[in-house]
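Visitor: File name data12.txt; file contents compact mmCIF, C-alpha atoms; full text below.
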# COMPACT_ATOMS: atom_id res chain seq x y z
CA GLY A 1179 0.00 0.00 0.00
CA VAL A 1180 0.90 3.62 0.56
CA VAL A 1181 2.52 4.82 3.79
CA PHE A 1182 2.66 8.45 4.91
CA GLU A 1183 4.87 9.02 7.95
CA GLY A 1184 5.69 12.29 9.70
CA CYS A 1185 4.47 14.48 6.86
CA ARG A 1186 2.63 17.83 6.67
CA ARG A 1187 0.55 19.41 3.90
CA VAL A 1188 0.77 16.48 1.47
CA THR A 1189 -1.97 15.69 -1.09
CA LEU A 1190 -2.75 12.31 -2.63
CA ARG A 1191 -5.21 12.78 -5.49
CA GLY A 1192 -6.80 10.35 -7.92
CA PRO A 1193 -5.35 6.85 -7.47
CA THR A 1194 -7.19 3.55 -7.39
CA ILE A 1195 -5.50 1.08 -5.05
CA ARG A 1196 -6.01 -2.61 -5.73
CA PHE A 1197 -3.91 -5.52 -4.48
CA GLU A 1198 -3.55 -8.36 -6.98
CA PRO A 1199 -4.03 -11.19 -6.63
CA LEU A 1200 -6.83 -10.32 -4.23
CA PRO A 1201 -5.55 -10.79 -0.66
CA PHE A 1202 -8.66 -12.76 0.35
CA THR A 1203 -10.80 -15.61 -0.88
CA GLN A 1204 -14.47 -16.49 -0.78
CA GLY A 1205 -16.95 -19.25 -1.41
CA ARG A 1206 -20.27 -20.83 -0.46
CA ILE A 1207 -21.15 -23.17 2.43
CA THR A 1208 -22.30 -26.47 0.93
CA ALA A 1209 -22.77 -28.55 4.12
CA ILE A 1210 -22.79 -28.14 7.90
CA ALA A 1211 -22.14 -30.97 10.37
CA GLN A 1212 -25.23 -31.85 12.39
CA ASP A 1213 -23.32 -31.04 15.59
CA GLY A 1214 -21.85 -27.82 14.10
CA ALA A 1215 -18.27 -29.16 14.29
CA TRP A 1216 -17.47 -28.29 10.65
CA TYR A 1217 -18.69 -26.56 7.49
CA GLU A 1218 -17.92 -27.62 3.95
CA LEU A 1219 -17.05 -24.84 1.55
CA ALA A 1220 -16.79 -24.52 -2.23
CA ILE A 1221 -14.39 -21.73 -3.24
CA ASP A 1222 -15.78 -19.42 -5.92
CA GLU A 1223 -14.18 -19.94 -9.33
CA GLY A 1224 -11.23 -17.58 -9.93
CA TYR A 1225 -10.46 -17.00 -6.22
CA LEU A 1226 -7.41 -18.28 -4.34
CA GLU A 1227 -7.45 -21.76 -2.81
CA LEU A 1228 -7.89 -21.64 0.96
CA ASP A 1229 -4.82 -23.80 1.61
CA ASP A 1230 -2.45 -21.51 -0.33
CA GLN A 1231 0.07 -20.88 2.48
CA ALA A 1232 1.48 -17.83 0.73
CA TYR A 1233 -1.81 -16.02 1.41
CA PHE A 1234 -3.65 -17.81 4.20
CA PRO A 1235 -2.48 -18.79 7.67
CA GLU A 1236 -3.18 -22.20 9.15
CA ARG A 1237 -6.17 -20.65 10.96
CA PRO A 1238 -7.63 -18.09 8.54
CA THR A 1239 -10.24 -15.67 9.84
CA SER A 1240 -13.60 -16.03 8.13
CA TYR A 1241 -16.90 -14.20 7.97
CA VAL A 1242 -20.30 -15.62 7.08
CA MET A 1243 -22.12 -13.39 4.62
CA ASP A 1244 -25.81 -13.18 3.75
CA PRO A 1245 -26.29 -14.40 0.15
CA ALA A 1246 -29.08 -11.86 -0.48
CA THR A 1247 -27.28 -8.73 0.76
CA ARG A 1248 -23.68 -10.01 0.34
CA CYS A 1249 -22.94 -8.32 3.71
CA TRP A 1250 -21.74 -9.81 6.99
CA LYS A 1251 -24.63 -11.88 8.34
CA ALA A 1252 -26.31 -10.46 11.45
CA GLY A 1253 -25.57 -12.43 14.61
CA MET A 1254 -22.34 -13.97 13.30
CA VAL A 1255 -18.85 -13.64 14.75
CA ASP A 1256 -15.36 -14.02 13.27
CA LEU A 1257 -14.67 -17.74 12.86
CA SER A 1258 -11.19 -19.31 12.67
CA PRO A 1259 -11.01 -23.04 11.99
CA THR A 1260 -8.64 -25.24 13.96
CA ARG A 1261 -8.04 -27.22 10.78
CA VAL A 1262 -8.64 -26.73 7.05
CA GLU A 1263 -9.07 -30.05 5.23
CA ARG A 1264 -8.92 -30.21 1.41
CA LEU A 1265 -11.72 -32.37 -0.01
CA GLY A 1266 -10.97 -31.76 -3.69
CA ALA A 1267 -10.39 -28.97 -6.17
CA GLY A 1268 -11.81 -25.82 -4.60
CA ARG A 1269 -13.56 -27.79 -1.83
CA PHE A 1270 -12.67 -27.65 1.86
CA ARG A 1271 -13.93 -28.78 5.26
CA LEU A 1272 -13.43 -26.23 8.03
CA HIS A 1273 -13.20 -27.73 11.52
CA TRP A 1274 -14.21 -25.37 14.36
CA PRO A 1275 -12.75 -25.28 17.90
CA ARG A 1276 -16.30 -25.39 19.30
CA PRO A 1277 -19.72 -26.11 17.78
CA SER A 1278 -20.62 -23.31 15.34
CA GLY A 1279 -23.73 -24.64 13.65
CA PRO A 1280 -27.28 -23.27 13.34
CA ASP A 1281 -28.05 -24.01 17.00
CA VAL A 1282 -25.31 -21.47 17.97
CA TYR A 1283 -25.19 -19.01 15.04
CA PRO A 1284 -27.61 -18.04 12.25
CA VAL A 1285 -25.61 -19.97 9.62
CA SER A 1286 -27.10 -22.15 6.89
CA VAL A 1287 -26.13 -24.06 3.77
CA GLY A 1288 -25.94 -21.59 0.89
CA ASP A 1289 -24.48 -18.77 2.98
CA LEU A 1290 -21.37 -17.11 1.58
CA MET A 1291 -18.02 -17.01 3.40
CA ALA A 1292 -15.08 -14.69 2.95
CA PHE A 1293 -11.59 -15.19 4.40
CA ARG A 1294 -9.06 -12.45 4.94
CA GLY A 1295 -5.47 -13.25 4.11
CA ARG A 1296 -2.39 -13.37 6.30
CA LEU A 1297 -0.99 -9.91 5.60
CA ARG A 1298 -1.89 -7.16 8.05
CA ARG A 1299 -1.05 -4.40 5.61
CA HIS A 1300 -3.37 -1.55 4.82
CA ALA A 1301 -4.13 0.20 1.54
CA ILE A 1302 -3.14 3.55 3.12
CA SER A 1303 -1.31 4.06 6.44
CA ILE A 1304 -1.07 7.57 7.88
CA ARG A 1305 1.31 7.90 10.84
CA ASN A 1306 2.07 11.11 12.70
CA CYS A 1307 0.93 13.40 9.89
CA ALA A 1308 -0.87 16.74 9.81
CA GLN A 1309 -2.92 18.52 7.15
CA LEU A 1310 -2.80 15.56 4.76
CA LEU A 1311 -5.41 15.58 1.98
CA LEU A 1312 -6.72 12.39 0.36
CA GLU A 1313 -8.94 13.34 -2.58
CA GLU A 1314 -10.67 11.25 -5.23
CA VAL A 1315 -9.05 8.07 -3.91
CA THR A 1316 -10.64 4.66 -4.57
CA ILE A 1317 -9.63 1.54 -2.66
CA ASN A 1318 -10.72 -1.72 -4.30
CA SER A 1319 -8.88 -4.20 -2.10
CA ALA A 1320 -6.51 -4.33 0.82
CA PRO A 1321 -5.07 -7.19 2.85
CA PHE A 1322 -6.46 -5.74 6.08
CA ALA A 1323 -7.86 -2.20 6.47
CA GLY A 1324 -8.49 0.42 3.82
CA ILE A 1325 -7.14 3.45 5.70
CA VAL A 1326 -5.47 3.50 9.12
CA GLU A 1327 -4.51 6.79 10.76
CA GLY A 1328 -2.67 7.27 14.04
CA GLY A 1329 -0.79 10.02 15.87
CA GLY A 1330 0.08 13.42 14.51
CA GLU A 1331 -1.45 16.84 14.96
CA GLY A 1332 -4.57 16.04 12.93
CA GLY A 1333 -6.31 18.27 10.44
CA ASN A 1334 -6.20 15.51 7.82
CA LEU A 1335 -8.99 15.68 5.23
CA TYR A 1336 -10.72 13.03 3.14
CA ARG A 1337 -12.71 14.16 0.08
CA ARG A 1338 -14.47 11.73 -2.25
CA VAL A 1339 -12.65 8.69 -0.83
CA ARG A 1340 -14.36 5.40 -1.66
CA VAL A 1341 -13.73 1.89 -0.38
CA THR A 1342 -15.58 -0.44 -2.71
CA PRO A 1343 -15.05 -3.93 -4.13
CA GLY A 1344 -13.10 -3.86 -7.37
CA PRO A 1345 -13.42 -6.03 -10.43
CA LYS A 1346 -13.69 -9.81 -10.31
CA PRO A 1347 -10.40 -11.71 -10.55
CA PRO A 1348 -9.65 -13.45 -13.87
CA GLY A 1349 -11.94 -16.44 -14.40
CA ALA A 1350 -14.38 -15.45 -11.63
CA GLN A 1351 -18.16 -15.28 -12.01
CA ALA A 1352 -18.92 -13.96 -8.51
CA PRO A 1353 -18.02 -10.37 -7.59
CA PRO A 1354 -15.73 -9.84 -4.57
CA LEU A 1355 -17.38 -9.85 -1.15
CA PHE A 1356 -14.62 -7.69 0.37
CA SER A 1357 -12.84 -4.48 -0.57
Can the structure from this file be put into structure tokens for me?

Guide:
Amino acid sequence: GVVFEGCRRVTLRGPTIRFEPLPFTQGRITAIAQDGAWYELAIDEGYLELDDQAYFPERPTSYVMDPATRCWKAGMVDLSPTRVERLGAGRFRLHWPRPSGPDVYPVSVGDLMAFRGRLRRHAISIRNCAQLLLEEVTINSAPFAGIVEGGGEGGNLYRRVRVTPGPKPPGAQAPPLFS
């Protein structure tokens, strides 16, 4: 991403920031164990495989998304499996540290899931700056947060800054769930 550190009166105008390949993956829940011990997941075509160690830790953080709204499903929490088991091409079984089925959370077969990657980098980091202007900036994807600001004298301005999912990766049919 872009890092601003210890600066004053700097302007960033007009860029679109997009990490490629996308630093996350996504898919659809195809089965849930009766006791809620695991979910089966089919990765969306064109997205990274969940066991790609270059992008995903052993215990990736996941989010269950509503298939109608494509937003984080109400009543859900971050879920990190204790084990990711490959079942076949683009198919995985996610084993949970405690039961996480419909009797605990509002999860069901057909729900979408998105997994953030291992990098904790941001699209834009602003550290100890003052009077910085971000204008007409679009963020399509970031490994962690879009914009993180800390320290400094303040007075930083954001005009027409958008964080929105970017284009589908090559070969994908489903649009990205994350930005």

Visitor: Using only C-alpha atoms and a cutoff of 10 Å, can you tell me which residues are near (2.7, 16.2, 3.5) in the file's coordinates, and write them out as a ChimeraX atom specification?

Guide: /A:1182-1190,1307-1311,1334

Visitor: Do you know which residues are at most 7 Å from range 1344-1346 of chain A counting only C-alpha atoms, after dropping those on the same chain fewer than 4 positions away, and could you put them as a ChimeraX atom specification?

Guide: /A:1318-1319,1350,1352-1354,1357

Visitor: So, with only C-alpha atoms as the atoms that count, which of A:Gly1268, A:Phe1234, A:Leu1257, A:Val1180 lies closest to Arg1305 in chain A?

Guide: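 Closest candidate: A:Val1180.
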
Visitor: For each of A:Glu1314, A:Glu1236, A:Glu1263, A:Glu1227, take the minimum atom-to-atom distance to Ala1292 in chain A, counting only C-alpha atoms, then give the residue where this is smallest.

Guide: A:Glu1227

Visitor: Excluding Gln1204 in chain A and any residue of its chain fewer than 2 positions from it, enumerate the residues within 8 Å of it, using only C-alpha atoms, and give them as number ranges by chain.

Guide: A: 1202, 1206, 1221-1222, 1225, 1290-1293, 1354-1355

Visitor: Mind giving me the axis-aligned box for range 1296-1300 of chain A with 5 Å on every side, centre plus edges in Å to one decimal, as JSON?

Guide:
{"center_x": -2.2, "center_y": -7.5, "center_z": 6.4, "size_x": 12.4, "size_y": 21.8, "size_z": 13.2}

Visitor: Around the point (-3.3, 9.3, 3.3) (coordinates from the file), which residues reach within 6 Å if we count only C-alpha atoms? Answer as JSON, numbers by chain.

Guide: {"A": [1302, 1304, 1312]}

Visitor: With all atoms listed in the file as the basis for distance, which of A:Thr1194, A:Thr1208, A:Ser1240, A:Thr1342 is at the shortest distance from Arg1271 in chain A?

Guide: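 Counting all atoms listed in the file, the residue closest to Arg1271 in chain A is A:Thr1208.
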
Visitor: Restricting the calculation to all atoms listed in the file, which member of A:Ala1267, A:Thr1260, A:Tyr1233, A:Cys1249 is positioned closest to Leu1219 in chain A?

Guide: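 Going through A:Ala1267, A:Thr1260, A:Tyr1233, A:Cys1249 one by one, the smallest distance to Leu1219 in chain A is for A:Ala1267.
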
Visitor: Between CA of Gly1330 in chain A and CA of Phe1197 in chain A, what is the distance in Å, rounded to a tenth?

Guide: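 So the two atoms, CA of Gly1330 in chain A and CA of Phe1197 in chain A, lie 27.1 Å apart.
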
Visitor: Could you add whatever atoms are missing so that range 1217-1228 of chain A carries all heavy atoms, then write the result as a PDB file, in the frame of the given file?

Guide:
ATOM      1  N   TYR A1217     -17.943 -26.978   8.676  1.00  0.00           N
ATOM      2  CA  TYR A1217     -18.690 -26.560   7.490  1.00  0.00           C
ATOM      3  C   TYR A1217     -17.895 -27.050   6.296  1.00  0.00           C
ATOM      4  O   TYR A1217     -16.664 -27.095   6.326  1.00  0.00           O
ATOM      5  CB  TYR A1217     -18.778 -25.039   7.325  1.00  0.00           C
ATOM      6  CG  TYR A1217     -19.340 -24.200   8.433  1.00  0.00           C
ATOM      7  CD1 TYR A1217     -19.180 -22.819   8.380  1.00  0.00           C
ATOM      8  CD2 TYR A1217     -20.033 -24.734   9.516  1.00  0.00           C
ATOM      9  CE1 TYR A1217     -19.694 -21.996   9.358  1.00  0.00           C
ATOM     10  CE2 TYR A1217     -20.543 -23.909  10.511  1.00  0.00           C
ATOM     11  CZ  TYR A1217     -20.374 -22.543  10.428  1.00  0.00           C
ATOM     12  OH  TYR A1217     -20.868 -21.722  11.403  1.00  0.00           O
ATOM     13  N   GLU A1218     -18.590 -27.378   5.220  1.00  0.00           N
ATOM     14  CA  GLU A1218     -17.920 -27.620   3.950  1.00  0.00           C
ATOM     15  C   GLU A1218     -18.111 -26.386   3.082  1.00  0.00           C
ATOM     16  O   GLU A1218     -19.158 -25.740   3.129  1.00  0.00           O
ATOM     17  CB  GLU A1218     -18.466 -28.869   3.263  1.00  0.00           C
ATOM     18  CG  GLU A1218     -17.987 -30.131   3.954  1.00  0.00           C
ATOM     19  CD  GLU A1218     -18.387 -31.410   3.251  1.00  0.00           C
ATOM     20  OE1 GLU A1218     -18.972 -31.364   2.143  1.00  0.00           O
ATOM     21  OE2 GLU A1218     -18.106 -32.476   3.822  1.00  0.00           O
ATOM     22  N   LEU A1219     -17.082 -26.084   2.320  1.00  0.00           N
ATOM     23  CA  LEU A1219     -17.050 -24.840   1.550  1.00  0.00           C
ATOM     24  C   LEU A1219     -16.578 -25.117   0.133  1.00  0.00           C
ATOM     25  O   LEU A1219     -15.622 -25.870  -0.075  1.00  0.00           O
ATOM     26  CB  LEU A1219     -16.070 -23.864   2.227  1.00  0.00           C
ATOM     27  CG  LEU A1219     -15.892 -22.516   1.573  1.00  0.00           C
ATOM     28  CD1 LEU A1219     -17.049 -21.599   1.961  1.00  0.00           C
ATOM     29  CD2 LEU A1219     -14.583 -21.888   1.983  1.00  0.00           C
ATOM     30  N   ALA A1220     -17.238 -24.506  -0.841  1.00  0.00           N
ATOM     31  CA  ALA A1220     -16.790 -24.520  -2.230  1.00  0.00           C
ATOM     32  C   ALA A1220     -16.284 -23.120  -2.551  1.00  0.00           C
ATOM     33  O   ALA A1220     -17.032 -22.146  -2.454  1.00  0.00           O
ATOM     34  CB  ALA A1220     -17.934 -24.903  -3.164  1.00  0.00           C
ATOM     35  N   ILE A1221     -15.000 -23.023  -2.898  1.00  0.00           N
ATOM     36  CA  ILE A1221     -14.390 -21.730  -3.240  1.00  0.00           C
ATOM     37  C   ILE A1221     -14.964 -21.263  -4.582  1.00  0.00           C
ATOM     38  O   ILE A1221     -15.100 -22.051  -5.520  1.00  0.00           O
ATOM     39  CB  ILE A1221     -12.852 -21.854  -3.330  1.00  0.00           C
ATOM     40  CG1 ILE A1221     -12.255 -22.254  -1.982  1.00  0.00           C
ATOM     41  CG2 ILE A1221     -12.217 -20.567  -3.863  1.00  0.00           C
ATOM     42  CD1 ILE A1221     -12.397 -21.221  -0.895  1.00  0.00           C
ATOM     43  N   ASP A1222     -15.293 -19.981  -4.663  1.00  0.00           N
ATOM     44  CA  ASP A1222     -15.780 -19.420  -5.920  1.00  0.00           C
ATOM     45  C   ASP A1222     -14.682 -19.512  -6.991  1.00  0.00           C
ATOM     46  O   ASP A1222     -13.502 -19.260  -6.714  1.00  0.00           O
ATOM     47  CB  ASP A1222     -16.169 -17.947  -5.743  1.00  0.00           C
ATOM     48  CG  ASP A1222     -17.457 -17.762  -4.960  1.00  0.00           C
ATOM     49  OD1 ASP A1222     -18.241 -18.731  -4.834  1.00  0.00           O
ATOM     50  OD2 ASP A1222     -17.694 -16.639  -4.478  1.00  0.00           O
ATOM     51  N   GLU A1223     -15.090 -19.850  -8.191  1.00  0.00           N
ATOM     52  CA  GLU A1223     -14.180 -19.940  -9.330  1.00  0.00           C
ATOM     53  C   GLU A1223     -13.398 -18.638  -9.481  1.00  0.00           C
ATOM     54  O   GLU A1223     -13.957 -17.552  -9.364  1.00  0.00           O
ATOM     55  CB  GLU A1223     -14.984 -20.215 -10.606  1.00  0.00           C
ATOM     56  CG  GLU A1223     -14.146 -20.523 -11.816  1.00  0.00           C
ATOM     57  CD  GLU A1223     -13.491 -21.887 -11.744  1.00  0.00           C
ATOM     58  OE1 GLU A1223     -14.062 -22.804 -11.141  1.00  0.00           O
ATOM     59  OE2 GLU A1223     -12.387 -22.009 -12.292  1.00  0.00           O
ATOM     60  N   GLY A1224     -12.080 -18.750  -9.704  1.00  0.00           N
ATOM     61  CA  GLY A1224     -11.230 -17.580  -9.930  1.00  0.00           C
ATOM     62  C   GLY A1224     -10.606 -17.005  -8.678  1.00  0.00           C
ATOM     63  O   GLY A1224      -9.765 -16.118  -8.757  1.00  0.00           O
ATOM     64  N   TYR A1225     -11.016 -17.498  -7.489  1.00  0.00           N
ATOM     65  CA  TYR A1225     -10.460 -17.000  -6.220  1.00  0.00           C
ATOM     66  C   TYR A1225      -9.396 -17.972  -5.719  1.00  0.00           C
ATOM     67  O   TYR A1225      -9.360 -19.137  -6.112  1.00  0.00           O
ATOM     68  CB  TYR A1225     -11.574 -16.802  -5.192  1.00  0.00           C
ATOM     69  CG  TYR A1225     -12.431 -15.608  -5.516  1.00  0.00           C
ATOM     70  CD1 TYR A1225     -13.472 -15.704  -6.435  1.00  0.00           C
ATOM     71  CD2 TYR A1225     -12.162 -14.362  -4.963  1.00  0.00           C
ATOM     72  CE1 TYR A1225     -14.238 -14.599  -6.767  1.00  0.00           C
ATOM     73  CE2 TYR A1225     -12.929 -13.245  -5.291  1.00  0.00           C
ATOM     74  CZ  TYR A1225     -13.966 -13.379  -6.196  1.00  0.00           C
ATOM     75  OH  TYR A1225     -14.703 -12.280  -6.526  1.00  0.00           O
ATOM     76  N   LEU A1226      -8.519 -17.479  -4.856  1.00  0.00           N
ATOM     77  CA  LEU A1226      -7.410 -18.280  -4.340  1.00  0.00           C
ATOM     78  C   LEU A1226      -7.912 -19.486  -3.542  1.00  0.00           C
ATOM     79  O   LEU A1226      -8.942 -19.415  -2.871  1.00  0.00           O
ATOM     80  CB  LEU A1226      -6.532 -17.419  -3.421  1.00  0.00           C
ATOM     81  CG  LEU A1226      -5.785 -16.272  -4.086  1.00  0.00           C
ATOM     82  CD1 LEU A1226      -5.168 -15.364  -3.024  1.00  0.00           C
ATOM     83  CD2 LEU A1226      -4.717 -16.801  -5.017  1.00  0.00           C
ATOM     84  N   GLU A1227      -7.149 -20.570  -3.601  1.00  0.00           N
ATOM     85  CA  GLU A1227      -7.450 -21.760  -2.810  1.00  0.00           C
ATOM     86  C   GLU A1227      -7.170 -21.453  -1.338  1.00  0.00           C
ATOM     87  O   GLU A1227      -6.193 -20.776  -1.019  1.00  0.00           O
ATOM     88  CB  GLU A1227      -6.603 -22.939  -3.266  1.00  0.00           C
ATOM     89  CG  GLU A1227      -6.933 -23.414  -4.665  1.00  0.00           C
ATOM     90  CD  GLU A1227      -8.230 -24.203  -4.741  1.00  0.00           C
ATOM     91  OE1 GLU A1227      -8.509 -25.002  -3.831  1.00  0.00           O
ATOM     92  OE2 GLU A1227      -8.968 -24.018  -5.728  1.00  0.00           O
ATOM     93  N   LEU A1228      -7.981 -21.959  -0.466  1.00  0.00           N
ATOM     94  CA  LEU A1228      -7.890 -21.640   0.960  1.00  0.00           C
ATOM     95  C   LEU A1228      -6.636 -22.215   1.615  1.00  0.00           C
ATOM     96  O   LEU A1228      -6.186 -21.712   2.633  1.00  0.00           O
ATOM     97  CB  LEU A1228      -9.134 -22.152   1.678  1.00  0.00           C
ATOM     98  CG  LEU A1228      -9.364 -21.669   3.084  1.00  0.00           C
ATOM     99  CD1 LEU A1228      -9.308 -20.159   3.187  1.00  0.00           C
ATOM    100  CD2 LEU A1228     -10.700 -22.182   3.591  1.00  0.00           C
TER     101      LEU A1228
END
